[in-house]
Amino acid sequence: MNLPRSPIATKMRTAVALGSNLGDRLENLRVARKAIFDLANVKPPILSSAVYETEPVGCEPGAGKFLNTVVEFEYEGDPARLLEQLIQIEEALGRKRDHPQNVSRTIDIDLLYCGDQQINDERLQLPHPRLHLRTFVLRPLANIRPDLVLSGETNTVSDLLADFKDSGAVVRFAESW
């Protein structure tokens with residue numbers, strides 16, 4: 001009897017962006033980071049950028065400033081499964097799945113990349129399709145991986161960040177968190 005073969009899991013450097021602009025923003029980031037690092041397939045080495053405070057982008061009028069950071073780790077498994085786990089963490093921290101886009105939130109977790117994987121389906125796009133357009137993601141990513149060249153790009157993260165003429169206020173909020 002032949003059993004179905006499962007895909008071979010390979011370790012991939014993987015990064016997620018974390019953001020929060022409601023409640024105790026820094027604590028929200030800490031709780032989300034711990035939950036991510038507690039996932040079974042997340043392994044060291046683990047890198048955490050500094051936390052940056054940024055103006056809300058496209059949010060409702062009067063929205064508070066966001067705290068943003070990026071964490072990177074080794075991941076062994078299916079990126080779609082990781083996305084599901086990240087959504088479960090968001091929901092556990094009070095994020096509703098039926099929320100309107102670009103509204104204030106206690107936590108936002110975006111999967112940025114999983115190694116060199118390129119995925120483009122209705123549920124998951126890797127690398128994140130707007131990563132190179134967001135200074136609030138590029139600034140913390142450049143803090144930990146300035147020389148990274150993302151799949152599909154020719155410039156390093158630092159070069160992408162330097163190309164922004166009007167990047168808005170991205171202010172370092174906390175070095176260690």
# chains A, B, ... in the order shown; residues from 1 in each chain; ligands from 1

call {"tool": "residues_around", "arguments": {"residues": "Asp159 (chain A)", "least_positions_apart": "2", "cutoff": "10 Å", "atoms": "only C-alpha atoms", "output": "list of chain:residue names"}}
result
A:Leu138, A:Ala142, A:Pro146, A:Asp147, A:Leu148, A:Val149, A:Thr154, A:Asn155, A:Thr156, A:Val157, A:Leu161, A:Ala162, A:Asp163, A:Phe164

call {"tool": "residues_around", "arguments": {"residues": "Gln118 (chain A)", "least_positions_apart": "4", "cutoff": "9 Å", "atoms": "only C-alpha atoms", "output": "PyMOL selection string"}}
result
chain A and resi 113-114+125-127+151-152

call {"tool": "residues_around", "arguments": {"residues": "Glu84 (chain A)", "least_positions_apart": "6", "cutoff": "12 Å", "atoms": "only C-alpha atoms", "output": "PyMOL selection string"}}
result
chain A and resi 36+39+78+90-91+97+109-111+123-124

call {"tool": "closest_residue", "arguments": {"among": "A:Val16, A:Leu26, A:Leu82, A:Cys59", "to": "Pro140 (chain A)", "atoms": "only C-alpha atoms"}}
result
A:Val16

call {"tool": "select_by_dssp", "arguments": {"residues": "chain A", "states": "strand (DSSP E)", "output": "mmCIF file with all heavy atoms, in the first residue's frame"}}
result
data_model
loop_
_atom_site.group_PDB
_atom_site.id
_atom_site.type_symbol
_atom_site.label_atom_id
_atom_site.label_comp_id
_atom_site.auth_asym_id
_atom_site.auth_seq_id
_atom_site.Cartn_x
_atom_site.Cartn_y
_atom_site.Cartn_z
ATOM 1 N N LYS A 11 13.622 24.454 5.792
ATOM 2 C CA LYS A 11 13.738 25.633 6.647
ATOM 3 C C LYS A 11 13.891 26.866 5.772
ATOM 4 O O LYS A 11 14.625 26.854 4.791
ATOM 5 C CB LYS A 11 14.948 25.506 7.567
ATOM 6 C CG LYS A 11 14.750 24.523 8.688
ATOM 7 C CD LYS A 11 15.932 24.549 9.617
ATOM 8 C CE LYS A 11 15.737 23.549 10.743
ATOM 9 N NZ LYS A 11 16.908 23.492 11.605
ATOM 10 N N MET A 12 13.169 27.907 6.148
ATOM 11 C CA MET A 12 13.202 29.160 5.394
ATOM 12 C C MET A 12 13.300 30.326 6.367
ATOM 13 O O MET A 12 12.603 30.341 7.375
ATOM 14 C CB MET A 12 11.905 29.340 4.598
ATOM 15 C CG MET A 12 11.590 28.270 3.604
ATOM 16 S SD MET A 12 9.912 28.478 2.927
ATOM 17 C CE MET A 12 8.955 27.651 4.203
ATOM 18 N N ARG A 13 14.131 31.303 6.016
ATOM 19 C CA ARG A 13 14.099 32.557 6.760
ATOM 20 C C ARG A 13 12.767 33.211 6.422
ATOM 21 O O ARG A 13 12.415 33.375 5.259
ATOM 22 C CB ARG A 13 15.258 33.470 6.382
ATOM 23 C CG ARG A 13 16.616 32.999 6.840
ATOM 24 C CD ARG A 13 16.718 32.742 8.328
ATOM 25 N NE ARG A 13 16.623 33.937 9.144
ATOM 26 C CZ ARG A 13 16.513 33.931 10.464
ATOM 27 N NH1 ARG A 13 16.483 32.788 11.131
ATOM 28 N NH2 ARG A 13 16.418 35.050 11.145
ATOM 29 N N THR A 14 12.031 33.541 7.453
ATOM 30 C CA THR A 14 10.669 34.030 7.315
ATOM 31 C C THR A 14 10.518 35.289 8.152
ATOM 32 O O THR A 14 11.069 35.373 9.248
ATOM 33 C CB THR A 14 9.687 32.931 7.787
ATOM 34 O OG1 THR A 14 9.879 31.786 6.952
ATOM 35 C CG2 THR A 14 8.256 33.388 7.730
ATOM 36 N N ALA A 15 9.756 36.256 7.632
ATOM 37 C CA ALA A 15 9.548 37.489 8.383
ATOM 38 C C ALA A 15 8.082 37.860 8.411
ATOM 39 O O ALA A 15 7.339 37.612 7.458
ATOM 40 C CB ALA A 15 10.358 38.637 7.782
ATOM 41 N N VAL A 16 7.693 38.453 9.533
ATOM 42 C CA VAL A 16 6.358 39.004 9.687
ATOM 43 C C VAL A 16 6.476 40.432 10.209
ATOM 44 O O VAL A 16 7.396 40.769 10.955
ATOM 45 C CB VAL A 16 5.459 38.167 10.630
ATOM 46 C CG1 VAL A 16 5.225 36.777 10.058
ATOM 47 C CG2 VAL A 16 6.022 38.067 12.006
ATOM 48 N N ALA A 17 5.534 41.262 9.767
ATOM 49 C CA ALA A 17 5.425 42.630 10.257
ATOM 50 C C ALA A 17 4.306 42.662 11.283
ATOM 51 O O ALA A 17 3.261 42.046 11.090
ATOM 52 C CB ALA A 17 5.128 43.590 9.112
ATOM 53 N N LEU A 18 4.529 43.379 12.371
ATOM 54 C CA LEU A 18 3.539 43.543 13.430
ATOM 55 C C LEU A 18 3.206 45.024 13.559
ATOM 56 O O LEU A 18 4.115 45.861 13.540
ATOM 57 C CB LEU A 18 4.078 43.044 14.768
ATOM 58 C CG LEU A 18 4.620 41.618 14.834
ATOM 59 C CD1 LEU A 18 5.268 41.361 16.184
ATOM 60 C CD2 LEU A 18 3.524 40.631 14.568
ATOM 61 N N GLY A 19 1.928 45.330 13.722
ATOM 62 C CA GLY A 19 1.514 46.702 13.921
ATOM 63 C C GLY A 19 0.365 46.778 14.900
ATOM 64 O O GLY A 19 -0.440 45.846 15.005
ATOM 65 N N SER A 20 0.285 47.892 15.639
ATOM 66 C CA SER A 20 -0.799 48.100 16.597
ATOM 67 C C SER A 20 -1.011 49.596 16.805
ATOM 68 O O SER A 20 -0.041 50.348 16.930
ATOM 69 C CB SER A 20 -0.461 47.443 17.939
ATOM 70 O OG SER A 20 -1.465 47.728 18.901
ATOM 71 N N VAL A 42 8.473 27.418 14.394
ATOM 72 C CA VAL A 42 9.297 28.625 14.447
ATOM 73 C C VAL A 42 10.538 28.322 15.281
ATOM 74 O O VAL A 42 10.434 27.869 16.412
ATOM 75 C CB VAL A 42 8.509 29.814 15.030
ATOM 76 C CG1 VAL A 42 9.403 31.004 15.296
ATOM 77 C CG2 VAL A 42 7.357 30.183 14.091
ATOM 78 N N LYS A 43 11.711 28.564 14.686
ATOM 79 C CA LYS A 43 12.980 28.207 15.324
ATOM 80 C C LYS A 43 13.956 29.380 15.274
ATOM 81 O O LYS A 43 13.837 30.256 14.422
ATOM 82 C CB LYS A 43 13.619 27.020 14.588
ATOM 83 C CG LYS A 43 12.716 25.811 14.406
ATOM 84 C CD LYS A 43 12.463 25.105 15.701
ATOM 85 C CE LYS A 43 11.607 23.859 15.471
ATOM 86 N NZ LYS A 43 10.899 23.440 16.618
ATOM 87 N N PRO A 44 14.958 29.355 16.165
ATOM 88 C CA PRO A 44 16.011 30.362 16.088
ATOM 89 C C PRO A 44 16.920 30.086 14.889
ATOM 90 O O PRO A 44 16.881 28.978 14.360
ATOM 91 C CB PRO A 44 16.769 30.179 17.408
ATOM 92 C CG PRO A 44 16.293 28.910 18.010
ATOM 93 C CD PRO A 44 15.066 28.465 17.283
ATOM 94 N N PRO A 45 17.719 31.044 14.478
ATOM 95 C CA PRO A 45 17.901 32.356 15.094
ATOM 96 C C PRO A 45 16.726 33.289 14.823
ATOM 97 O O PRO A 45 16.138 33.260 13.755
ATOM 98 C CB PRO A 45 19.178 32.884 14.456
ATOM 99 C CG PRO A 45 19.293 32.175 13.151
ATOM 100 C CD PRO A 45 18.631 30.837 13.330
ATOM 101 N N ILE A 46 16.420 34.085 15.832
ATOM 102 C CA ILE A 46 15.307 35.013 15.781
ATOM 103 C C ILE A 46 15.852 36.435 15.843
ATOM 104 O O ILE A 46 16.701 36.739 16.679
ATOM 105 C CB ILE A 46 14.337 34.753 16.948
ATOM 106 C CG1 ILE A 46 13.670 33.380 16.750
ATOM 107 C CG2 ILE A 46 13.318 35.864 17.069
ATOM 108 C CD1 ILE A 46 12.860 32.900 17.931
ATOM 109 N N LEU A 47 15.366 37.274 14.938
ATOM 110 C CA LEU A 47 15.748 38.680 14.921
ATOM 111 C C LEU A 47 14.499 39.521 15.149
ATOM 112 O O LEU A 47 13.451 39.251 14.562
ATOM 113 C CB LEU A 47 16.356 39.057 13.567
ATOM 114 C CG LEU A 47 17.597 38.286 13.118
ATOM 115 C CD1 LEU A 47 17.966 38.675 11.688
ATOM 116 C CD2 LEU A 47 18.748 38.535 14.068
ATOM 117 N N SER A 48 14.620 40.532 16.001
ATOM 118 C CA SER A 48 13.528 41.484 16.228
ATOM 119 C C SER A 48 14.065 42.882 15.970
ATOM 120 O O SER A 48 15.071 43.271 16.558
ATOM 121 C CB SER A 48 13.030 41.413 17.674
ATOM 122 O OG SER A 48 12.397 40.196 17.949
ATOM 123 N N VAL A 51 11.227 49.013 17.493
ATOM 124 C CA VAL A 51 9.821 49.379 17.270
ATOM 125 C C VAL A 51 9.795 50.834 16.812
ATOM 126 O O VAL A 51 10.482 51.695 17.386
ATOM 127 C CB VAL A 51 8.990 49.196 18.558
ATOM 128 C CG1 VAL A 51 7.567 49.697 18.367
ATOM 129 C CG2 VAL A 51 8.993 47.734 18.990
ATOM 130 N N TYR A 52 9.008 51.095 15.793
ATOM 131 C CA TYR A 52 8.898 52.431 15.216
ATOM 132 C C TYR A 52 7.466 52.925 15.340
ATOM 133 O O TYR A 52 6.519 52.152 15.205
ATOM 134 C CB TYR A 52 9.307 52.416 13.740
ATOM 135 C CG TYR A 52 10.765 52.091 13.559
ATOM 136 C CD1 TYR A 52 11.201 50.772 13.515
ATOM 137 C CD2 TYR A 52 11.713 53.099 13.464
ATOM 138 C CE1 TYR A 52 12.541 50.462 13.374
ATOM 139 C CE2 TYR A 52 13.055 52.799 13.322
ATOM 140 C CZ TYR A 52 13.468 51.487 13.275
ATOM 141 O OH TYR A 52 14.792 51.192 13.146
ATOM 142 N N GLU A 53 7.324 54.239 15.589
ATOM 143 C CA GLU A 53 6.000 54.850 15.638
ATOM 144 C C GLU A 53 5.767 55.561 14.311
ATOM 145 O O GLU A 53 6.640 56.289 13.829
ATOM 146 C CB GLU A 53 5.894 55.832 16.795
ATOM 147 C CG GLU A 53 4.476 56.348 16.990
ATOM 148 C CD GLU A 53 4.339 57.169 18.260
ATOM 149 O OE1 GLU A 53 5.088 58.159 18.402
ATOM 150 O OE2 GLU A 53 3.479 56.816 19.089
ATOM 151 N N THR A 54 4.585 55.333 13.738
ATOM 152 C CA THR A 54 4.282 55.881 12.415
ATOM 153 C C THR A 54 2.866 56.431 12.372
ATOM 154 O O THR A 54 2.004 56.024 13.148
ATOM 155 C CB THR A 54 4.413 54.789 11.327
ATOM 156 O OG1 THR A 54 3.463 53.755 11.585
ATOM 157 C CG2 THR A 54 5.808 54.195 11.310
ATOM 158 N N PHE A 66 0.533 54.278 14.853
ATOM 159 C CA PHE A 66 0.864 52.858 14.954
ATOM 160 C C PHE A 66 2.246 52.664 15.535
ATOM 161 O O PHE A 66 3.133 53.499 15.353
ATOM 162 C CB PHE A 66 0.854 52.204 13.561
ATOM 163 C CG PHE A 66 -0.486 51.729 13.121
ATOM 164 C CD1 PHE A 66 -1.376 52.611 12.533
ATOM 165 C CD2 PHE A 66 -0.865 50.408 13.280
ATOM 166 C CE1 PHE A 66 -2.621 52.183 12.109
ATOM 167 C CE2 PHE A 66 -2.105 49.969 12.862
ATOM 168 C CZ PHE A 66 -2.988 50.858 12.275
ATOM 169 N N LEU A 67 2.424 51.553 16.226
ATOM 170 C CA LEU A 67 3.756 51.024 16.502
ATOM 171 C C LEU A 67 3.948 49.869 15.527
ATOM 172 O O LEU A 67 3.045 49.037 15.351
ATOM 173 C CB LEU A 67 3.881 50.530 17.944
ATOM 174 C CG LEU A 67 3.853 51.588 19.026
ATOM 175 C CD1 LEU A 67 4.130 50.952 20.401
ATOM 176 C CD2 LEU A 67 4.849 52.719 18.755
ATOM 177 N N ASN A 68 5.112 49.829 14.878
ATOM 178 C CA ASN A 68 5.419 48.812 13.877
ATOM 179 C C ASN A 68 6.778 48.195 14.140
ATOM 180 O O ASN A 68 7.717 48.881 14.576
ATOM 181 C CB ASN A 68 5.431 49.428 12.472
ATOM 182 C CG ASN A 68 4.068 49.900 12.040
ATOM 183 O OD1 ASN A 68 3.216 49.098 11.710
ATOM 184 N ND2 ASN A 68 3.856 51.206 12.067
ATOM 185 N N THR A 69 6.884 46.911 13.846
ATOM 186 C CA THR A 69 8.146 46.190 13.992
ATOM 187 C C THR A 69 8.142 45.013 13.030
ATOM 188 O O THR A 69 7.099 44.669 12.450
ATOM 189 C CB THR A 69 8.345 45.721 15.456
ATOM 190 O OG1 THR A 69 9.669 45.232 15.613
ATOM 191 C CG2 THR A 69 7.341 44.658 15.852
ATOM 192 N N VAL A 70 9.302 44.398 12.853
ATOM 193 C CA VAL A 70 9.436 43.198 12.029
ATOM 194 C C VAL A 70 10.230 42.178 12.830
ATOM 195 O O VAL A 70 11.210 42.522 13.502
ATOM 196 C CB VAL A 70 10.151 43.502 10.692
ATOM 197 C CG1 VAL A 70 10.523 42.223 9.950
ATOM 198 C CG2 VAL A 70 9.285 44.397 9.812
ATOM 199 N N VAL A 71 9.793 40.924 12.769
ATOM 200 C CA VAL A 71 10.542 39.819 13.363
ATOM 201 C C VAL A 71 10.834 38.798 12.264
ATOM 202 O O VAL A 71 10.025 38.591 11.361
ATOM 203 C CB VAL A 71 9.805 39.157 14.552
ATOM 204 C CG1 VAL A 71 9.678 40.134 15.707
ATOM 205 C CG2 VAL A 71 8.441 38.642 14.157
ATOM 206 N N GLU A 72 12.026 38.206 12.359
ATOM 207 C CA GLU A 72 12.436 37.197 11.385
ATOM 208 C C GLU A 72 12.922 35.967 12.123
ATOM 209 O O GLU A 72 13.544 36.082 13.181
ATOM 210 C CB GLU A 72 13.543 37.735 10.479
ATOM 211 C CG GLU A 72 13.859 36.781 9.326
ATOM 212 C CD GLU A 72 15.125 37.140 8.584
ATOM 213 O OE1 GLU A 72 16.213 37.084 9.202
ATOM 214 O OE2 GLU A 72 15.037 37.442 7.391
ATOM 215 N N PHE A 73 12.653 34.792 11.551
ATOM 216 C CA PHE A 73 12.961 33.524 12.221
ATOM 217 C C PHE A 73 13.092 32.432 11.174
ATOM 218 O O PHE A 73 12.739 32.626 10.002
ATOM 219 C CB PHE A 73 11.855 33.172 13.225
ATOM 220 C CG PHE A 73 10.462 33.361 12.679
ATOM 221 C CD1 PHE A 73 9.839 32.361 11.932
ATOM 222 C CD2 PHE A 73 9.778 34.551 12.886
ATOM 223 C CE1 PHE A 73 8.569 32.543 11.416
ATOM 224 C CE2 PHE A 73 8.497 34.736 12.364
ATOM 225 C CZ PHE A 73 7.892 33.731 11.630
ATOM 226 N N GLU A 74 13.578 31.280 11.611
ATOM 227 C CA GLU A 74 13.571 30.092 10.771
ATOM 228 C C GLU A 74 12.184 29.473 10.869
ATOM 229 O O GLU A 74 11.626 29.362 11.960
ATOM 230 C CB GLU A 74 14.598 29.056 11.254
ATOM 231 C CG GLU A 74 16.034 29.409 10.957
ATOM 232 C CD GLU A 74 16.393 29.343 9.485
ATOM 233 O OE1 GLU A 74 15.852 28.489 8.750
ATOM 234 O OE2 GLU A 74 17.226 30.154 9.062
ATOM 235 N N TYR A 75 11.648 29.074 9.724
ATOM 236 C CA TYR A 75 10.349 28.412 9.712
ATOM 237 C C TYR A 75 10.460 27.158 8.862
ATOM 238 O O TYR A 75 10.995 27.198 7.757
ATOM 239 C CB TYR A 75 9.255 29.336 9.164
ATOM 240 C CG TYR A 75 7.899 28.675 9.142
ATOM 241 C CD1 TYR A 75 7.198 28.501 10.321
ATOM 242 C CD2 TYR A 75 7.355 28.188 7.967
ATOM 243 C CE1 TYR A 75 5.964 27.868 10.329
ATOM 244 C CE2 TYR A 75 6.121 27.559 7.959
ATOM 245 C CZ TYR A 75 5.442 27.391 9.145
ATOM 246 O OH TYR A 75 4.221 26.763 9.152
ATOM 247 N N GLU A 76 9.940 26.075 9.393
ATOM 248 C CA GLU A 76 9.946 24.821 8.661
ATOM 249 C C GLU A 76 8.509 24.363 8.501
ATOM 250 O O GLU A 76 7.861 23.956 9.462
ATOM 251 C CB GLU A 76 10.758 23.769 9.418
ATOM 252 C CG GLU A 76 10.980 22.502 8.631
ATOM 253 C CD GLU A 76 11.980 21.578 9.302
ATOM 254 O OE1 GLU A 76 12.518 21.925 10.362
ATOM 255 O OE2 GLU A 76 12.213 20.500 8.740
ATOM 256 N N ASP A 108 -2.023 43.816 13.964
ATOM 257 C CA ASP A 108 -2.017 43.479 12.546
ATOM 258 C C ASP A 108 -0.746 42.678 12.323
ATOM 259 O O ASP A 108 0.349 43.134 12.698
ATOM 260 C CB ASP A 108 -2.023 44.748 11.692
ATOM 261 C CG ASP A 108 -2.109 44.452 10.210
ATOM 262 O OD1 ASP A 108 -2.792 43.480 9.833
ATOM 263 O OD2 ASP A 108 -1.500 45.191 9.418
ATOM 264 N N ILE A 109 -0.872 41.492 11.763
ATOM 265 C CA ILE A 109 0.284 40.641 11.492
ATOM 266 C C ILE A 109 0.282 40.317 10.009
ATOM 267 O O ILE A 109 -0.679 39.735 9.503
ATOM 268 C CB ILE A 109 0.256 39.334 12.313
ATOM 269 C CG1 ILE A 109 0.130 39.638 13.808
ATOM 270 C CG2 ILE A 109 1.497 38.502 12.027
ATOM 271 C CD1 ILE A 109 -0.054 38.396 14.680
ATOM 272 N N ASP A 110 1.339 40.717 9.308
ATOM 273 C CA ASP A 110 1.461 40.440 7.883
ATOM 274 C C ASP A 110 2.656 39.536 7.638
ATOM 275 O O ASP A 110 3.777 39.837 8.080
ATOM 276 C CB ASP A 110 1.665 41.735 7.086
ATOM 277 C CG ASP A 110 0.397 42.564 6.973
ATOM 278 O OD1 ASP A 110 -0.695 41.984 7.027
ATOM 279 O OD2 ASP A 110 0.512 43.792 6.821
ATOM 280 N N LEU A 111 2.426 38.463 6.926
ATOM 281 C CA LEU A 111 3.498 37.571 6.498
ATOM 282 C C LEU A 111 4.203 38.250 5.329
ATOM 283 O O LEU A 111 3.578 38.534 4.305
ATOM 284 C CB LEU A 111 2.907 36.213 6.101
ATOM 285 C CG LEU A 111 3.852 35.104 5.691
ATOM 286 C CD1 LEU A 111 4.940 34.850 6.731
ATOM 287 C CD2 LEU A 111 3.063 33.823 5.425
ATOM 288 N N LEU A 112 5.492 38.543 5.498
ATOM 289 C CA LEU A 112 6.245 39.296 4.492
ATOM 290 C C LEU A 112 6.917 38.401 3.465
ATOM 291 O O LEU A 112 6.855 38.660 2.267
ATOM 292 C CB LEU A 112 7.303 40.182 5.161
ATOM 293 C CG LEU A 112 6.786 41.209 6.153
ATOM 294 C CD1 LEU A 112 7.937 41.969 6.770
ATOM 295 C CD2 LEU A 112 5.784 42.144 5.495
ATOM 296 N N TYR A 113 7.610 37.376 3.947
ATOM 297 C CA TYR A 113 8.271 36.429 3.045
ATOM 298 C C TYR A 113 8.578 35.133 3.776
ATOM 299 O O TYR A 113 8.682 35.105 5.001
ATOM 300 C CB TYR A 113 9.553 37.005 2.426
ATOM 301 C CG TYR A 113 10.585 37.498 3.415
ATOM 302 C CD1 TYR A 113 11.497 36.625 4.011
ATOM 303 C CD2 TYR A 113 10.664 38.835 3.739
ATOM 304 C CE1 TYR A 113 12.440 37.083 4.917
ATOM 305 C CE2 TYR A 113 11.613 39.306 4.639
ATOM 306 C CZ TYR A 113 12.498 38.426 5.220
ATOM 307 O OH TYR A 113 13.440 38.884 6.114
ATOM 308 N N CYS A 114 8.701 34.074 2.998
ATOM 309 C CA CYS A 114 9.139 32.754 3.467
ATOM 310 C C CYS A 114 10.220 32.307 2.498
ATOM 311 O O CYS A 114 9.902 31.791 1.409
ATOM 312 C CB CYS A 114 7.996 31.743 3.469
ATOM 313 S SG CYS A 114 6.828 31.921 4.801
ATOM 314 N N ILE A 119 4.400 33.022 -4.059
ATOM 315 C CA ILE A 119 3.050 32.476 -4.035
ATOM 316 C C ILE A 119 2.106 33.617 -4.370
ATOM 317 O O ILE A 119 2.260 34.727 -3.856
ATOM 318 C CB ILE A 119 2.699 31.889 -2.651
ATOM 319 C CG1 ILE A 119 3.670 30.757 -2.288
ATOM 320 C CG2 ILE A 119 1.249 31.423 -2.610
ATOM 321 C CD1 ILE A 119 3.525 30.246 -0.868
ATOM 322 N N ASN A 120 1.149 33.338 -5.253
ATOM 323 C CA ASN A 120 0.169 34.365 -5.600
ATOM 324 C C ASN A 120 -1.180 33.696 -5.806
ATOM 325 O O ASN A 120 -1.523 33.305 -6.914
ATOM 326 C CB ASN A 120 0.603 35.126 -6.849
ATOM 327 C CG ASN A 120 -0.278 36.331 -7.099
ATOM 328 O OD1 ASN A 120 -1.049 36.737 -6.230
ATOM 329 N ND2 ASN A 120 -0.181 36.903 -8.285
ATOM 330 N N GLN A 125 -0.069 35.932 -0.733
ATOM 331 C CA GLN A 125 0.865 36.462 -1.723
ATOM 332 C C GLN A 125 2.223 36.614 -1.043
ATOM 333 O O GLN A 125 2.338 37.289 -0.023
ATOM 334 C CB GLN A 125 0.414 37.829 -2.259
ATOM 335 C CG GLN A 125 -0.877 37.787 -3.066
ATOM 336 C CD GLN A 125 -2.108 37.865 -2.189
ATOM 337 O OE1 GLN A 125 -2.163 38.643 -1.244
ATOM 338 N NE2 GLN A 125 -3.100 37.049 -2.474
ATOM 339 N N LEU A 126 3.217 35.962 -1.613
ATOM 340 C CA LEU A 126 4.589 36.050 -1.096
ATOM 341 C C LEU A 126 5.547 36.304 -2.247
ATOM 342 O O LEU A 126 5.409 35.676 -3.297
ATOM 343 C CB LEU A 126 4.995 34.754 -0.392
ATOM 344 C CG LEU A 126 4.343 34.473 0.947
ATOM 345 C CD1 LEU A 126 4.808 33.120 1.480
ATOM 346 C CD2 LEU A 126 4.633 35.564 1.963
ATOM 347 N N VAL A 170 8.664 58.176 10.484
ATOM 348 C CA VAL A 170 8.893 56.848 11.031
ATOM 349 C C VAL A 170 9.936 57.060 12.126
ATOM 350 O O VAL A 170 11.111 57.224 11.851
ATOM 351 C CB VAL A 170 9.392 55.856 9.949
ATOM 352 C CG1 VAL A 170 9.666 54.489 10.558
ATOM 353 C CG2 VAL A 170 8.390 55.747 8.818
ATOM 354 N N VAL A 171 9.479 57.087 13.369
ATOM 355 C CA VAL A 171 10.320 57.454 14.507
ATOM 356 C C VAL A 171 10.592 56.236 15.372
ATOM 357 O O VAL A 171 9.662 55.512 15.752
ATOM 358 C CB VAL A 171 9.605 58.555 15.347
ATOM 359 C CG1 VAL A 171 10.438 58.941 16.553
ATOM 360 C CG2 VAL A 171 9.306 59.764 14.485
ATOM 361 N N ARG A 172 11.875 56.036 15.700
ATOM 362 C CA ARG A 172 12.226 54.914 16.573
ATOM 363 C C ARG A 172 11.566 55.133 17.930
ATOM 364 O O ARG A 172 11.724 56.178 18.552
ATOM 365 C CB ARG A 172 13.737 54.809 16.719
ATOM 366 C CG ARG A 172 14.172 53.505 17.389
ATOM 367 C CD ARG A 172 15.683 53.387 17.426
ATOM 368 N NE ARG A 172 16.213 53.260 16.089
ATOM 369 C CZ ARG A 172 16.947 52.230 15.684
ATOM 370 N NH1 ARG A 172 17.240 51.272 16.502
ATOM 371 N NH2 ARG A 172 17.394 52.194 14.447
ATOM 372 N N PHE A 173 10.824 54.149 18.376
ATOM 373 C CA PHE A 173 10.054 54.233 19.620
ATOM 374 C C PHE A 173 10.720 53.442 20.739
ATOM 375 O O PHE A 173 10.773 53.909 21.867
ATOM 376 C CB PHE A 173 8.632 53.694 19.358
ATOM 377 C CG PHE A 173 7.703 53.809 20.524
ATOM 378 C CD1 PHE A 173 7.026 54.993 20.770
ATOM 379 C CD2 PHE A 173 7.486 52.724 21.347
ATOM 380 C CE1 PHE A 173 6.143 55.082 21.855
ATOM 381 C CE2 PHE A 173 6.617 52.812 22.433
ATOM 382 C CZ PHE A 173 5.952 53.995 22.679
ATOM 383 N N ALA A 174 11.193 52.238 20.436
ATOM 384 C CA ALA A 174 11.824 51.379 21.439
ATOM 385 C C ALA A 174 12.851 50.491 20.762
ATOM 386 O O ALA A 174 12.551 49.847 19.763
ATOM 387 C CB ALA A 174 10.778 50.528 22.163
#

call {"tool": "closest_residue", "arguments": {"among": "A:Ile107, A:Ala63, A:Ile87, A:Val137", "to": "Arg30 (chain A)", "atoms": "only C-alpha atoms"}}
result
A:Ile107

call {"tool": "closest_residue", "arguments": {"among": "A:Ala50, A:Leu133, A:Leu22, A:Leu93", "to": "Gly64 (chain A)", "atoms": "only C-alpha atoms"}}
result
A:Leu22
